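Undergrad: Next comes final_28.pdb, PDB, C-alpha atoms and all ligand atoms:
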ATOM      1  CA  MET A 120       0.000   0.000   0.000  1.00  0.00           C
ATOM      2  CA  ARG A 121       1.094   3.533  -0.694  1.00  0.00           C
ATOM      3  CA  LYS A 122       1.654   5.520   2.500  1.00  0.00           C
ATOM      4  CA  LYS A 123      -0.055   8.881   2.225  1.00  0.00           C
ATOM      5  CA  LEU A 124       2.056  12.034   2.244  1.00  0.00           C
ATOM      6  CA  LEU A 125       0.702  15.287   3.658  1.00  0.00           C
ATOM      7  CA  ALA A 126       2.857  18.186   2.532  1.00  0.00           C
ATOM      8  CA  ALA A 127       2.645  21.827   3.572  1.00  0.00           C
ATOM      9  CA  ASN A 128       3.594  24.404   0.967  1.00  0.00           C
ATOM     10  CA  TRP A 129       4.064  27.624   2.893  1.00  0.00           C
ATOM     11  CA  LYS A 130       4.866  29.631  -0.244  1.00  0.00           C
ATOM     12  CA  MET A 131       6.226  33.091   0.697  1.00  0.00           C
ATOM     13  CA  HIS A 132       4.970  33.117   4.262  1.00  0.00           C
ATOM     14  CA  LYS A 133       6.496  33.185   7.757  1.00  0.00           C
ATOM     15  CA  THR A 134       9.695  34.473   9.330  1.00  0.00           C
ATOM     16  CA  PRO A 135      12.047  32.186  11.293  1.00  0.00           C
ATOM     17  CA  GLU A 136      10.360  33.323  14.526  1.00  0.00           C
ATOM     18  CA  GLU A 137       6.950  32.437  13.118  1.00  0.00           C
ATOM     19  CA  THR A 138       8.373  29.094  11.974  1.00  0.00           C
ATOM     20  CA  LEU A 139       9.548  28.294  15.503  1.00  0.00           C
ATOM     21  CA  ALA A 140       6.129  29.250  16.856  1.00  0.00           C
ATOM     22  CA  PHE A 141       4.400  27.019  14.275  1.00  0.00           C
ATOM     23  CA  PHE A 142       6.444  23.962  15.227  1.00  0.00           C
ATOM     24  CA  ARG A 143       6.057  24.608  18.959  1.00  0.00           C
ATOM     25  CA  GLU A 144       2.313  24.247  18.498  1.00  0.00           C
ATOM     26  CA  PHE A 145       2.235  21.727  15.633  1.00  0.00           C
ATOM     27  CA  LEU A 146       4.635  19.014  16.810  1.00  0.00           C
ATOM     28  CA  PRO A 147       2.783  18.079  20.020  1.00  0.00           C
ATOM     29  CA  LEU A 148      -0.437  17.881  17.985  1.00  0.00           C
ATOM     30  CA  VAL A 149       1.002  15.293  15.575  1.00  0.00           C
ATOM     31  CA  ALA A 150       3.328  13.486  17.996  1.00  0.00           C
ATOM     32  CA  GLY A 151       3.144   9.755  17.412  1.00  0.00           C
ATOM     33  CA  HIS A 152       1.184  10.106  14.167  1.00  0.00           C
ATOM     34  CA  SER A 153       2.745   7.425  12.015  1.00  0.00           C
ATOM     35  CA  ARG A 154      -0.094   6.548   9.629  1.00  0.00           C
ATOM     36  CA  ASP A 155       1.067   9.189   7.129  1.00  0.00           C
ATOM     37  CA  GLU A 156       4.253  10.975   6.152  1.00  0.00           C
ATOM     38  CA  ILE A 157       4.343  14.676   7.029  1.00  0.00           C
ATOM     39  CA  VAL A 158       6.495  17.232   5.229  1.00  0.00           C
ATOM     40  CA  VAL A 159       6.660  20.989   5.743  1.00  0.00           C
ATOM     41  CA  CYS A 160       8.116  23.134   2.938  1.00  0.00           C
ATOM     42  CA  PRO A 161       8.883  26.641   4.255  1.00  0.00           C
ATOM     43  CA  PRO A 162      10.766  29.416   2.438  1.00  0.00           C
ATOM     44  CA  TYR A 163      14.546  28.891   2.332  1.00  0.00           C
ATOM     45  CA  THR A 164      15.055  31.488   5.037  1.00  0.00           C
ATOM     46  CA  ASP A 165      13.064  29.359   7.496  1.00  0.00           C
ATOM     47  CA  VAL A 166      14.753  26.045   6.728  1.00  0.00           C
ATOM     48  CA  HIS A 167      17.271  26.269   9.540  1.00  0.00           C
ATOM     49  CA  ALA A 168      14.604  27.032  12.145  1.00  0.00           C
ATOM     50  CA  ALA A 169      12.333  24.322  10.724  1.00  0.00           C
ATOM     51  CA  ILE A 170      15.009  21.638  10.762  1.00  0.00           C
ATOM     52  CA  GLN A 171      16.106  22.478  14.286  1.00  0.00           C
ATOM     53  CA  SER A 172      12.486  22.444  15.471  1.00  0.00           C
ATOM     54  CA  ALA A 173      11.501  19.215  13.715  1.00  0.00           C
ATOM     55  CA  GLU A 174      14.574  17.193  14.638  1.00  0.00           C
ATOM     56  CA  GLY A 175      13.589  13.780  15.988  1.00  0.00           C
ATOM     57  CA  SER A 176       9.884  14.420  15.403  1.00  0.00           C
ATOM     58  CA  GLY A 177       9.447  12.406  12.214  1.00  0.00           C
ATOM     59  CA  VAL A 178       8.274  15.535  10.369  1.00  0.00           C
ATOM     60  CA  ALA A 179      10.424  16.071   7.271  1.00  0.00           C
ATOM     61  CA  ILE A 180      11.481  19.436   5.904  1.00  0.00           C
ATOM     62  CA  GLY A 181      11.335  20.317   2.219  1.00  0.00           C
ATOM     63  CA  VAL A 182      11.749  23.419   0.092  1.00  0.00           C
ATOM     64  CA  GLN A 183       9.799  24.907  -2.791  1.00  0.00           C
ATOM     65  CA  ASN A 184      12.378  24.919  -5.594  1.00  0.00           C
ATOM     66  CA  VAL A 185      15.912  23.847  -6.453  1.00  0.00           C
ATOM     67  CA  HIS A 186      18.368  24.827  -9.177  1.00  0.00           C
ATOM     68  CA  TRP A 187      19.685  22.088 -11.454  1.00  0.00           C
ATOM     69  CA  LYS A 188      23.374  22.984 -11.197  1.00  0.00           C
ATOM     70  CA  ALA A 189      25.451  22.016  -8.164  1.00  0.00           C
ATOM     71  CA  ASP A 190      27.177  25.417  -7.998  1.00  0.00           C
ATOM     72  CA  GLY A 191      28.303  28.273 -10.232  1.00  0.00           C
ATOM     73  CA  ALA A 192      27.516  31.823 -11.275  1.00  0.00           C
ATOM     74  CA  TYR A 193      23.724  31.656 -10.839  1.00  0.00           C
ATOM     75  CA  THR A 194      22.850  34.664  -8.714  1.00  0.00           C
ATOM     76  CA  GLY A 195      19.963  34.072  -6.377  1.00  0.00           C
ATOM     77  CA  GLU A 196      19.754  30.311  -6.857  1.00  0.00           C
ATOM     78  CA  ILE A 197      20.049  27.438  -4.365  1.00  0.00           C
ATOM     79  CA  SER A 198      21.471  24.017  -5.278  1.00  0.00           C
ATOM     80  CA  ALA A 199      20.583  20.478  -4.249  1.00  0.00           C
ATOM     81  CA  PRO A 200      23.874  19.802  -2.396  1.00  0.00           C
ATOM     82  CA  MET A 201      23.312  22.972  -0.342  1.00  0.00           C
ATOM     83  CA  LEU A 202      19.870  21.740   0.659  1.00  0.00           C
ATOM     84  CA  VAL A 203      21.029  18.219   1.431  1.00  0.00           C
ATOM     85  CA  SER A 204      23.780  19.561   3.668  1.00  0.00           C
ATOM     86  CA  LEU A 205      21.131  21.385   5.724  1.00  0.00           C
ATOM     87  CA  GLY A 206      19.066  18.228   6.193  1.00  0.00           C
ATOM     88  CA  VAL A 207      16.363  19.040   3.642  1.00  0.00           C
ATOM     89  CA  THR A 208      14.790  15.849   2.243  1.00  0.00           C
ATOM     90  CA  HIS A 209      11.982  17.009  -0.079  1.00  0.00           C
ATOM     91  CA  VAL A 210      11.571  19.603  -2.798  1.00  0.00           C
ATOM     92  CA  ILE A 211       8.527  20.889  -4.663  1.00  0.00           C
ATOM     93  CA  VAL A 212       9.297  21.121  -8.381  1.00  0.00           C
ATOM     94  CA  GLY A 213       7.312  22.863 -11.111  1.00  0.00           C
ATOM     95  CA  HIS A 214       4.628  24.439  -8.943  1.00  0.00           C
ATOM     96  CA  SER A 215       2.119  26.298 -11.113  1.00  0.00           C
ATOM     97  CA  GLU A 216       3.098  29.605  -9.491  1.00  0.00           C
ATOM     98  CA  ARG A 217       6.684  29.000 -10.689  1.00  0.00           C
ATOM     99  CA  ARG A 218       5.327  28.168 -14.146  1.00  0.00           C
ATOM    100  CA  GLN A 219       3.050  31.217 -14.178  1.00  0.00           C
ATOM    101  CA  TYR A 220       5.280  33.924 -12.667  1.00  0.00           C
ATOM    102  CA  PHE A 221       8.888  32.733 -12.964  1.00  0.00           C
ATOM    103  CA  GLY A 222       9.251  31.212 -16.397  1.00  0.00           C
ATOM    104  CA  GLU A 223       9.264  27.573 -15.315  1.00  0.00           C
ATOM    105  CA  THR A 224       8.831  25.268 -18.313  1.00  0.00           C
ATOM    106  CA  ASP A 225       8.385  21.530 -18.702  1.00  0.00           C
ATOM    107  CA  ASP A 226      12.066  21.399 -19.665  1.00  0.00           C
ATOM    108  CA  THR A 227      13.322  23.159 -16.534  1.00  0.00           C
ATOM    109  CA  VAL A 228      11.027  20.964 -14.458  1.00  0.00           C
ATOM    110  CA  ASN A 229      12.794  17.979 -16.041  1.00  0.00           C
ATOM    111  CA  LEU A 230      16.237  19.403 -15.194  1.00  0.00           C
ATOM    112  CA  ARG A 231      15.238  20.096 -11.599  1.00  0.00           C
ATOM    113  CA  LEU A 232      13.743  16.623 -11.198  1.00  0.00           C
ATOM    114  CA  LYS A 233      16.892  14.945 -12.479  1.00  0.00           C
ATOM    115  CA  THR A 234      19.056  16.972 -10.120  1.00  0.00           C
ATOM    116  CA  ALA A 235      16.834  16.431  -7.107  1.00  0.00           C
ATOM    117  CA  LEU A 236      16.685  12.660  -7.671  1.00  0.00           C
ATOM    118  CA  GLU A 237      20.426  12.497  -8.270  1.00  0.00           C
ATOM    119  CA  ALA A 238      20.991  14.261  -4.933  1.00  0.00           C
ATOM    120  CA  GLY A 239      18.724  11.834  -3.080  1.00  0.00           C
ATOM    121  CA  LEU A 240      15.962  14.392  -2.508  1.00  0.00           C
ATOM    122  CA  THR A 241      12.299  13.418  -2.843  1.00  0.00           C
ATOM    123  CA  PRO A 242      10.840  15.678  -5.522  1.00  0.00           C
ATOM    124  CA  ILE A 243       7.150  16.552  -5.458  1.00  0.00           C
ATOM    125  CA  CYS A 244       6.545  17.284  -9.131  1.00  0.00           C
ATOM    126  CA  CYS A 245       3.505  19.481  -9.716  1.00  0.00           C
ATOM    127  CA  VAL A 246       1.293  19.187 -12.775  1.00  0.00           C
ATOM    128  CA  GLY A 247      -2.148  20.561 -13.503  1.00  0.00           C
ATOM    129  CA  GLU A 248      -4.319  22.258 -16.067  1.00  0.00           C
ATOM    130  CA  VAL A 249      -5.607  25.838 -16.130  1.00  0.00           C
ATOM    131  CA  LEU A 250      -9.335  26.508 -16.304  1.00  0.00           C
ATOM    132  CA  GLU A 251      -9.411  27.195 -20.072  1.00  0.00           C
ATOM    133  CA  GLU A 252      -7.714  23.866 -20.734  1.00  0.00           C
ATOM    134  CA  ARG A 253     -10.232  22.003 -18.608  1.00  0.00           C
ATOM    135  CA  GLU A 254     -13.151  23.792 -20.256  1.00  0.00           C
ATOM    136  CA  ALA A 255     -11.749  22.982 -23.693  1.00  0.00           C
ATOM    137  CA  GLY A 256     -11.550  19.275 -22.781  1.00  0.00           C
ATOM    138  CA  LEU A 257      -7.753  19.344 -22.880  1.00  0.00           C
ATOM    139  CA  CYS A 258      -7.096  18.288 -19.293  1.00  0.00           C
ATOM    140  CA  ASP A 259      -5.841  14.772 -20.071  1.00  0.00           C
ATOM    141  CA  ASP A 260      -3.611  16.005 -22.918  1.00  0.00           C
ATOM    142  CA  VAL A 261      -2.084  18.692 -20.715  1.00  0.00           C
ATOM    143  CA  LEU A 262      -1.381  16.274 -17.866  1.00  0.00           C
ATOM    144  CA  ARG A 263       0.136  13.719 -20.230  1.00  0.00           C
ATOM    145  CA  ARG A 264       2.327  16.352 -21.870  1.00  0.00           C
ATOM    146  CA  GLN A 265       3.521  17.758 -18.549  1.00  0.00           C
ATOM    147  CA  CYS A 266       4.347  14.267 -17.272  1.00  0.00           C
ATOM    148  CA  VAL A 267       6.106  13.048 -20.421  1.00  0.00           C
ATOM    149  CA  ARG A 268       8.324  16.122 -20.540  1.00  0.00           C
ATOM    150  CA  ALA A 269       8.972  16.212 -16.800  1.00  0.00           C
ATOM    151  CA  PHE A 270       9.964  12.530 -16.757  1.00  0.00           C
ATOM    152  CA  HIS A 271      12.056  12.682 -19.947  1.00  0.00           C
ATOM    153  CA  ALA A 272      15.260  10.606 -19.832  1.00  0.00           C
ATOM    154  CA  ILE A 273      14.821   9.591 -16.201  1.00  0.00           C
ATOM    155  CA  SER A 274      15.003   5.853 -15.507  1.00  0.00           C
ATOM    156  CA  ALA A 275      12.517   4.083 -13.268  1.00  0.00           C
ATOM    157  CA  LYS A 276      15.408   3.207 -10.976  1.00  0.00           C
ATOM    158  CA  LYS A 277      16.483   6.846 -10.654  1.00  0.00           C
ATOM    159  CA  ALA A 278      12.865   7.963 -10.228  1.00  0.00           C
ATOM    160  CA  ALA A 279      12.217   5.690  -7.249  1.00  0.00           C
ATOM    161  CA  LYS A 280      11.577   8.587  -4.842  1.00  0.00           C
ATOM    162  CA  LEU A 281       9.419  10.604  -7.239  1.00  0.00           C
ATOM    163  CA  VAL A 282       6.115  11.958  -5.966  1.00  0.00           C
ATOM    164  CA  VAL A 283       3.653  13.756  -8.254  1.00  0.00           C
ATOM    165  CA  ALA A 284       1.141  16.375  -7.152  1.00  0.00           C
ATOM    166  CA  TYR A 285      -1.956  16.998  -9.249  1.00  0.00           C
ATOM    167  CA  GLU A 286      -2.795  20.649  -8.717  1.00  0.00           C
ATOM    168  CA  PRO A 287      -5.496  22.015 -11.009  1.00  0.00           C
ATOM    169  CA  VAL A 288      -4.510  25.668 -11.329  1.00  0.00           C
ATOM    170  CA  TRP A 289      -8.136  26.813 -11.043  1.00  0.00           C
ATOM    171  CA  ALA A 290      -8.307  25.238  -7.564  1.00  0.00           C
ATOM    172  CA  ILE A 291      -5.174  26.803  -6.068  1.00  0.00           C
ATOM    173  CA  GLY A 292      -5.911  29.474  -3.494  1.00  0.00           C
ATOM    174  CA  THR A 293      -9.393  29.953  -4.953  1.00  0.00           C
ATOM    175  CA  GLY A 294     -11.443  27.950  -2.469  1.00  0.00           C
ATOM    176  CA  LYS A 295     -12.635  25.834  -5.418  1.00  0.00           C
ATOM    177  CA  THR A 296     -11.607  22.233  -4.808  1.00  0.00           C
ATOM    178  CA  ALA A 297     -11.755  19.553  -7.459  1.00  0.00           C
ATOM    179  CA  THR A 298     -14.357  17.022  -6.381  1.00  0.00           C
ATOM    180  CA  PRO A 299     -12.774  13.790  -5.162  1.00  0.00           C
ATOM    181  CA  GLU A 300     -14.040  12.101  -8.343  1.00  0.00           C
ATOM    182  CA  VAL A 301     -12.572  14.750 -10.679  1.00  0.00           C
ATOM    183  CA  ALA A 302      -9.244  14.582  -8.847  1.00  0.00           C
ATOM    184  CA  ALA A 303      -9.236  10.777  -8.923  1.00  0.00           C
ATOM    185  CA  GLU A 304      -9.819  10.821 -12.709  1.00  0.00           C
ATOM    186  CA  ALA A 305      -6.855  13.122 -13.223  1.00  0.00           C
ATOM    187  CA  HIS A 306      -4.729  10.964 -10.939  1.00  0.00           C
ATOM    188  CA  ALA A 307      -5.591   7.930 -13.035  1.00  0.00           C
ATOM    189  CA  VAL A 308      -4.386   9.766 -16.160  1.00  0.00           C
ATOM    190  CA  ILE A 309      -1.110  10.658 -14.442  1.00  0.00           C
ATOM    191  CA  ARG A 310      -0.686   7.085 -13.216  1.00  0.00           C
ATOM    192  CA  SER A 311      -1.265   5.662 -16.681  1.00  0.00           C
ATOM    193  CA  GLU A 312       1.305   8.074 -18.114  1.00  0.00           C
ATOM    194  CA  ALA A 313       3.782   7.049 -15.418  1.00  0.00           C
ATOM    195  CA  ALA A 314       3.119   3.428 -16.383  1.00  0.00           C
ATOM    196  CA  GLU A 315       3.957   4.279 -20.023  1.00  0.00           C
ATOM    197  CA  VAL A 316       7.203   5.971 -19.075  1.00  0.00           C
ATOM    198  CA  PHE A 317       8.423   3.964 -16.091  1.00  0.00           C
ATOM    199  CA  GLY A 318       6.488   0.700 -16.335  1.00  0.00           C
ATOM    200  CA  PRO A 319       3.379  -0.629 -14.588  1.00  0.00           C
ATOM    201  CA  GLU A 320       5.118  -1.737 -11.416  1.00  0.00           C
ATOM    202  CA  PHE A 321       6.534   1.729 -10.846  1.00  0.00           C
ATOM    203  CA  ALA A 322       3.150   3.320 -11.506  1.00  0.00           C
ATOM    204  CA  VAL A 323       1.411   1.148  -8.921  1.00  0.00           C
ATOM    205  CA  ASN A 324       3.791   2.420  -6.259  1.00  0.00           C
ATOM    206  CA  LEU A 325       3.868   6.061  -7.383  1.00  0.00           C
ATOM    207  CA  ARG A 326       2.322   8.456  -4.884  1.00  0.00           C
ATOM    208  CA  ILE A 327       0.116  11.108  -6.453  1.00  0.00           C
ATOM    209  CA  LEU A 328      -0.979  13.931  -4.159  1.00  0.00           C
ATOM    210  CA  TYR A 329      -3.885  16.282  -4.701  1.00  0.00           C
ATOM    211  CA  GLY A 330      -3.409  20.012  -4.195  1.00  0.00           C
ATOM    212  CA  GLY A 331      -5.740  22.988  -4.534  1.00  0.00           C
ATOM    213  CA  SER A 332      -7.812  24.404  -1.664  1.00  0.00           C
ATOM    214  CA  VAL A 333      -7.434  21.346   0.559  1.00  0.00           C
ATOM    215  CA  LYS A 334      -9.020  22.279   3.892  1.00  0.00           C
ATOM    216  CA  PRO A 335      -9.878  20.433   7.113  1.00  0.00           C
ATOM    217  CA  ASP A 336     -13.470  20.012   5.924  1.00  0.00           C
ATOM    218  CA  ASN A 337     -12.708  18.440   2.539  1.00  0.00           C
ATOM    219  CA  ALA A 338      -9.559  16.448   3.386  1.00  0.00           C
ATOM    220  CA  SER A 339     -11.273  13.244   4.451  1.00  0.00           C
ATOM    221  CA  SER A 340     -13.433  12.934   1.325  1.00  0.00           C
ATOM    222  CA  LEU A 341     -10.400  13.562  -0.891  1.00  0.00           C
ATOM    223  CA  MET A 342      -8.216  11.119   1.061  1.00  0.00           C
ATOM    224  CA  ALA A 343     -10.953   8.472   0.872  1.00  0.00           C
ATOM    225  CA  GLN A 344     -10.258   8.109  -2.867  1.00  0.00           C
ATOM    226  CA  PRO A 345      -7.889   5.183  -3.393  1.00  0.00           C
ATOM    227  CA  GLU A 346      -6.219   7.136  -6.236  1.00  0.00           C
ATOM    228  CA  ILE A 347      -5.321  10.051  -3.942  1.00  0.00           C
ATOM    229  CA  ASP A 348      -2.146   9.391  -1.977  1.00  0.00           C
ATOM    230  CA  GLY A 349      -1.971  12.552   0.047  1.00  0.00           C
ATOM    231  CA  ALA A 350      -2.210  16.313  -0.267  1.00  0.00           C
ATOM    232  CA  LEU A 351      -0.118  19.363  -1.027  1.00  0.00           C
ATOM    233  CA  VAL A 352      -1.602  22.079   1.130  1.00  0.00           C
ATOM    234  CA  GLY A 353      -1.032  25.820   0.760  1.00  0.00           C
ATOM    235  CA  GLY A 354      -3.144  28.271   2.737  1.00  0.00           C
ATOM    236  CA  ALA A 355      -4.527  25.744   5.229  1.00  0.00           C
ATOM    237  CA  SER A 356      -1.029  24.570   6.187  1.00  0.00           C
ATOM    238  CA  LEU A 357      -0.017  27.907   7.705  1.00  0.00           C
ATOM    239  CA  ASP A 358      -2.028  27.356  10.852  1.00  0.00           C
ATOM    240  CA  PRO A 359      -0.877  24.440  13.063  1.00  0.00           C
ATOM    241  CA  LYS A 360      -4.411  23.436  14.039  1.00  0.00           C
ATOM    242  CA  SER A 361      -5.774  23.454  10.526  1.00  0.00           C
ATOM    243  CA  PHE A 362      -2.790  21.546   9.092  1.00  0.00           C
ATOM    244  CA  THR A 363      -3.138  19.030  11.941  1.00  0.00           C
ATOM    245  CA  ALA A 364      -6.813  18.543  11.111  1.00  0.00           C
ATOM    246  CA  ILE A 365      -5.776  17.758   7.515  1.00  0.00           C
ATOM    247  CA  VAL A 366      -2.993  15.412   8.592  1.00  0.00           C
ATOM    248  CA  LYS A 367      -5.478  13.576  10.786  1.00  0.00           C
ATOM    249  CA  TYR A 368      -8.239  13.629   8.110  1.00  0.00           C
TER     250      TYR A 368
HETATM  251  P1  LIG B 401      -3.860  26.154  -1.659  1.00  0.00           P
HETATM  252  O1  LIG B 401      -2.438  25.941  -2.409  1.00  0.00           O
HETATM  253  O2  LIG B 401      -4.019  24.983  -0.722  1.00  0.00           O
HETATM  254  O3  LIG B 401      -3.710  27.449  -0.930  1.00  0.00           O
HETATM  255  O4  LIG B 401      -4.908  26.166  -2.715  1.00  0.00           O
HETATM  256  C1  LIG B 401      -2.006  24.671  -2.809  1.00  0.00           C
HETATM  257  C2  LIG B 401      -0.680  24.801  -3.529  1.00  0.00           C
HETATM  258  O5  LIG B 401      -0.509  25.751  -4.292  1.00  0.00           O
HETATM  259  O6  LIG B 401       0.221  23.940  -3.371  1.00  0.00           O
END
Take the structure I supplied and represent it as structure tokens, if you would.
Ligand code: PGA
TA:
Amino acid sequence: MRKKLLAANWKMHKTPEETLAFFREFLPLVAGHSRDEIVVCPPYTDVHAAIQSAEGSGVAIGVQNVHWKADGAYTGEISAPMLVSLGVTHVIVGHSERRQYFGETDDTVNLRLKTALEAGLTPICCVGEVLEEREAGLCDDVLRRQCVRAFHAISAKKAAKLVVAYEPVWAIGTGKTATPEVAAEAHAVIRSEAAEVFGPEFAVNLRILYGGSVKPDNASSLMAQPEIDGALVGGASLDPKSFTAIVKY
């Protein structure tokens, strides 16, 4: 069985002090919770505070992006070896906000994935259609294209740690959640594409998270879908109580 993964994407929120305060409240609430994996992805500037806070708790710390080169003249970028040396274990790759505002393409997603996997990080690769694509009946095509390009020239062996997050862009931060059935359909498309690329055995074990306005009151119906292997949570992960309610769906 695939163990569910509940991941917090804090986006550009919280200072180190606020990070410490979050973990002071959050960790006792989830102490001993071993049914699911829990990951918190704060901004880079909070990583140190997050890792110190979460040490020994079983809660893993991730980040929201990674550059594909190990080092070099790339002003403003952060590399995989830098993250690994801090104790970071997960990285979100190809989030729709990166695609929309920062020029992320399917090709750079592929580069980042390769680098993250090479470094032993667990990448959470985000895919998802925009509203116009869904309305035009292009959802499946878009998901297949994003997956094929993201997974290009990566072997099943190398991809072992890969996690995918289905995040319909129209559901992110909008309060509009995909129904569990709509999400499950999209997950099935992603899983069949993963089977094409990596083989059926890989696809059966691949964890596919849902993201987009996951809240305490819709988490359990989403998580009840066998196709949905966890959640990537933005807004509702900023508050320790609300993220706990999601973790304990
Ligand atoms: P949201 O964000 O939960 O605030 O919709 C999800 C995400 O962008 O990962």
Undergrad: With the PyMOL selection byres (((not hetatm)) within 9 of (chain B and resi 401)) as the selection, what would be picked from this file? Answer as a PyMOL selection string, please.
TA: chain A and resi 126-130+211+214-216+245+284+286+288-296+329-334+350-356
Undergrad: With a distance cut-off of 8 Å and all atoms listed in the file, select the neighbouring residues of Ser176 in chain A, excluding the residue or stretch itself and same-chain residues fewer than 3 positions from it, and output the selection as a short mmCIF file (atom, residue, chain, number, x, y, z; two decimals) with C-alpha atoms, in the frame of the given file.
TA:
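Output saved as around15.cif:
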data_model
loop_
_atom_site.label_atom_id
_atom_site.label_comp_id
_atom_site.auth_asym_id
_atom_site.auth_seq_id
_atom_site.Cartn_x
_atom_site.Cartn_y
_atom_site.Cartn_z
CA LEU A 146 4.64 19.01 16.81
CA ALA A 150 3.33 13.49 18.00
CA ALA A 173 11.50 19.22 13.72
#
Undergrad: At a cut-off of 12 Å, using only C-alpha atoms, what residues contact Val301 in chain A? Leave out same-chain residues fewer than 3 positions from it and give the result as a PyMOL selection string.
TA: chain A and resi 253+258-259+285-287+290+296-298+304-308+329+341+344+346-347
Undergrad: I need the output of the PyMOL selection byres (((chain A and resi 367) around 10) and not hetatm) for this file as a ChimeraX atom specification; which residues are they?
TA: /A:125,148-149,152,154-155,335,338-339,361-366,368
Undergrad: With C-alpha atoms retained, export the selected residues as a PDB file, keeping the file's coordinate frame.
TA:
ATOM      1  CA  LEU A 125       0.702  15.287   3.658  1.00  0.00           C
ATOM      2  CA  LEU A 148      -0.437  17.881  17.985  1.00  0.00           C
ATOM      3  CA  VAL A 149       1.002  15.293  15.575  1.00  0.00           C
ATOM      4  CA  HIS A 152       1.184  10.106  14.167  1.00  0.00           C
ATOM      5  CA  ARG A 154      -0.094   6.548   9.629  1.00  0.00           C
ATOM      6  CA  ASP A 155       1.067   9.189   7.129  1.00  0.00           C
ATOM      7  CA  PRO A 335      -9.878  20.433   7.113  1.00  0.00           C
ATOM      8  CA  ALA A 338      -9.559  16.448   3.386  1.00  0.00           C
ATOM      9  CA  SER A 339     -11.273  13.244   4.451  1.00  0.00           C
ATOM     10  CA  SER A 361      -5.774  23.454  10.526  1.00  0.00           C
ATOM     11  CA  PHE A 362      -2.790  21.546   9.092  1.00  0.00           C
ATOM     12  CA  THR A 363      -3.138  19.030  11.941  1.00  0.00           C
ATOM     13  CA  ALA A 364      -6.813  18.543  11.111  1.00  0.00           C
ATOM     14  CA  ILE A 365      -5.776  17.758   7.515  1.00  0.00           C
ATOM     15  CA  VAL A 366      -2.993  15.412   8.592  1.00  0.00           C
ATOM     16  CA  TYR A 368      -8.239  13.629   8.110  1.00  0.00           C
TER      17      TYR A 368
END
Undergrad: Which one of A:Arg143, A:Cys244, A:Val158, A:Ala322 sits closest to Arg217 in chain A if you count only C-alpha atoms?
TA: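 Using only C-alpha atoms, Arg217 in chain A sits closest to A:Cys244.
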Undergrad: Name the residues captured by the PyMOL selection byres (((chain A and resi 198) around 7) and not hetatm) when it is applied to the shown file; answer as number ranges by chain.
TA: A: 185-190, 196-197, 199-202
Undergrad: Rank A:Thr134, A:Gln219, A:Gln183, A:Gln171 by their smallest atom-to-atom distance to Leu205 in chain A, using all atoms listed in the file, and report the top residue only.
TA: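 The shortest atom-to-atom distance to Leu205 in chain A comes from A:Gln171.
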Undergrad: If you measure from CA of Arg310 in chain A to CA of Val267 in chain A, what distance in Å do you get, rounded to one decimal?
TA: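 Result for CA of Arg310 in chain A versus CA of Val267 in chain A: 11.6 Å, one decimal.
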Undergrad: Could you list, as a ChimeraX atom specification, every residue within 6 Å of Leu124 in chain A, counting only C-alpha atoms and ignoring same-chain residues fewer than 3 positions away?
TA: /A:155-157,349
Undergrad: Would you mind telling me which residue in A:Phe270, A:Phe221, A:Tyr163, A:Phe317 lies nearest to Lys133 in chain A when using all atoms listed in the file?
TA: A:Tyr163
Undergrad: From the options A:Val246, A:Leu240, A:Ala179, A:Ala314, which residue's atoms come nearest to Ser204 in chain A, counting all atoms listed in the file?
TA: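 Selected residue with least distance to Ser204 in chain A: A:Leu240.
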Undergrad: Tell me, in Å to one decimal, how far CA of Pro319 in chain A is from CA of Thr224 in chain A.
TA: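 Rounded to one decimal, the two atoms are 26.7 Å apart.
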